[in-house]
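Take a look at the structure set out below.
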Amino acid sequence: MKNEVFGVLQRVGRSFMLPIAVLPVAGLLLGLGSSFTNPTTIETYGMEALLGQGTVLHALLMIMNAVGSAIFDNLPLIFAIGVAIGMAKREKEVAALSAMLAYFVMNVSVQAMLMLFGRIDADGNLAADVMEGTITSMCGIQTLQMGVFGGVIVGLGVAALNNRFHKIELPGAISFFSGSRFVPIISTVVYMLVGIVMFFVWPTVQNGISGLGMLVAGSGYIGTLIFGIVKRALIPFGLHHVFYMPFWQTGVGGTMDVAGHTVQGGQNIFFAQLADSANIAHFSADACRYFSGEFIFMMFGLPGAALAMYRCARPEKRKQVGGLLLSATLASIFTGITEPIEFSFLFAAPALFAVQVVLAGSCYMVAHMLKIAIGLTFSGGFLDFLLFGILQGNAKTGWMLVLPAGAVCFLLYYCSFSYLIRRFDLKTPGRELDANTKLYNKADYLAKKAGQTVAAPTDEEDDPVSRILMNGLGGKANISDVDCCATRLRVTVKDSSRVRDEILKEAGPSGIVHRGNGIQVVFGPRVTVIKANLEDYLEKMPDTWFTGESNADRTAEGAGEVSAKPENGANAGETANDTSGASDASAKPAKTIVIGSPITGQAADLSATPDEGFASGMMGEGAALTPTEGTVCAPTDGTVSFIFDTKHAVGFTTDSGIEMLFHIGIDTVKLNGEGFEILVQQGQELKKGDPIMKLDLDYLKAHAPSIVSPILCTDLEDDQKVRLLAEGPVKAGDDLIAVDIYES
């Protein structure tokens, strides 16, 4: 059960990435628009000429406010579609459409029930006994306030329906509605019933929240702490609006006589005092207890958490993660939009969210104890802090106390997050296994040719990497679901014992993670292409289990000898070749194969390659060539066995059966094909001297760490040994290396 839950949660987590990515921009637009179009703000500071109605800035800010509001107001719908897409195994576009329909159907069903039971009238007006904040308008539909949680309910359910019914076959008379066409139909029916059920279930949840609010109101500082903890804990469910609204707008949040008028609700009291500020010595800290503390953790605490996540990220990922966290931090500081930061660790590391809830709740209590009384219109960001704190003066608001309290809060967040992330290896942004592009190793090379050793190609369009992945995962019959995130291929398998890591490694991943039946194969940014190729490949393959032998099984012994530590001062290349039949230095080879140079340039021993992986012979034996002319040619008669996508390396098989790799330059994979022009196709037969590729040597010298090019013989047998025949200047076609074959 635990393993199944992990398999589901890893896909749910990825589904949240799209809506989370738009929150920072939406927050900035909404915060700026909301703050500077508020009539009270404009009138209080005498900015009618600049920001009043009819001005250009007012119109622009209204548009910004509308755009930001459109995203936040419809987050439940966005999450419904996003979760459905992420959880659907196939026909994702059908799942997305079905989720949208289901979301509307569910809420319309709730609206119909509200009208039938007299909770709202035909015009949408609430009945007198309906608690404020429990009913909202969603896309023009009067429905229960379910927040993002309602969207997640739809997304999960529709994805399950899609996965169950997208291949259904119906009787002939209605066969038109078979397959994917059936998914929106069944989703509509199911979520009509779900809407009816939610009408009866959800008010119970809302009533519990309201009762808790009444308890908080009469509990002093402890009540403020509870208020803060509960409000922050409800953020993921979208229920915080139901919880805090009575405190802001009704008598639950207090009653006070201001300028001869009785005012109810903490926010209403503050703005009434603001309008009468000439007669107010200090704004009411009791009225502001429900929001003043937000400035402490939104402007100081959560940025400390963001810094901790940045510092705990892998060094090679910090630049990428830093950009995301910076935008989220700015949204929190300036507008009080905290979802981008909170959601970044909410699903990946729930323990951190629990810490955030407690620390944030404490900030509400500390602000209440320090008599800080800063109002807000939208959220606890710098804009409201400036308008309703700094500009009102410290005597009225106590805003200066926010600074030392914020400094302490910053340290608490930073230290606690840093400790927990490192202590429990929490997977906050940038801490997942990295897959940055590095020097291709032997596993990468084997991934290109493993079709010859793992399974025979079925046709000329065969995809070796997909075949390796399918076989390593136990065969198509063992694969239940294929998905991916930014760097990981995420696969759910039926039987995890059938997964063969030694085969999966032949596809060249940076890492493999097992979580029960959830398998994560880390490839880096190219994973989306790998996933698409794998899905297409699986469609063409029979639904069978894999029980064969991997290339790693057959070469493990030889690989161990290659990587063994040299003895008696021998270099790595000598150790690699000092095997069985060649162990006697006086023995004569039974056969010698001479191979020419593919490049005109300077030849040297392979150990001169400025890269340890090549120089040590771990990827094969051969020579180091520094090109002086820009053409790579066939060193002998043979066949192009593979071409790397980045064009910097080519595989070549001689007619005598020697497999070779021409790797042009060091770290040239990072050039993404720039400086290389491929003149051949994979599988093309060549004669000695036929051109293979053109090199822009000037470009390569300027952009690559080195143009020294390893020319390797790979996958040598135990009875084969490589000798260097030429050093110094060589021309393309000149004898370069010899492969001596000894009798075993």
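In the structure tokens, chains take letters A, B, ... by order of appearance, with residues numbered from 1 within each chain and ligands from 1 in the order shown.
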> Do you know which residues are at most 6 Å from A:Gly155 counting only C-alpha atoms, after dropping those on the same chain fewer than 4 positions away, and could you put them as a PyMOL selection string?
Replying inline: chain A and resi 80+83-84+99
> Which neighbours of A:Val730 fall inside 9 Å, counting only C-alpha atoms, when residues of the same chain fewer than 4 positions from it are skipped, and could you give them as number ranges by chain?
Replying inline: A: 597, 599-603, 625, 726, 734-736
>> Using only C-alpha atoms for the distances, tell me which of A:Trp545, A:Phe176, A:Phe199, A:Phe79 is nearest to A:Met113.
In response: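 Going through A:Trp545, A:Phe176, A:Phe199, A:Phe79 one by one, the smallest distance to A:Met113 is for A:Phe199.
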>> With DSSP run on the backbone, what are the strand (DSSP E or B) residues within stretch 71-278 of chain A? I'd like them as JSON, numbers by chain.
In response: {"A": [120, 126, 135, 136, 137, 138, 141, 142, 143, 144, 255, 256, 257, 258, 261, 262, 263, 264]}
>> Quick one: residues within 10 Å of A:Val189, only C-alpha atoms, excluding same-chain residues fewer than 3 positions away - as number ranges by chain?
In response: A: 102, 105-106, 184-186, 192-194
> A:Glu674, A:Leu697, A:Thr653, A:Gln273: which is nearest A:Thr628, counting only C-alpha atoms?
Replying inline: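 Using only C-alpha atoms, the shortest distance to A:Thr628 belongs to A:Leu697.
Compared by their closest atoms to A:Phe417, and using only C-alpha atoms, the residues A:Leu51, A:Ala173, A:Met470, A:Ala351 rank with A:Ala351 nearest.
For the set A:Phe334, A:Tyr103, A:Tyr537, A:Phe243, the residue with the smallest atom-to-atom gap to A:Gly380 is A:Phe334, counting only C-alpha atoms.
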> How far is it from atom CA of A:Leu57 to atom CA of A:Ile42, in Å with one decimal?
Replying inline: 12.1 Å
>> My list of candidates is A:Ala738, A:Ala259, A:Cys363, A:Val513. Which is closest to A:Lys591 when distances are computed with only C-alpha atoms?
In response: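 Distance minimum relative to A:Lys591 lands on A:Ala738.
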> Using only C-alpha atoms, which residues sit within 10 Å of stretch 405-411 of chain A once same-chain residues fewer than 6 positions away are excluded, as a PyMOL selection string?
Replying inline: chain A and resi 293+295-305+307-308+359-360+362-363+366-367+370+417
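Considering only C-alpha atoms, the residue among A:Met198, A:Leu671, A:Val152, A:Ile81 positioned nearest to A:Pro705 is A:Leu671.
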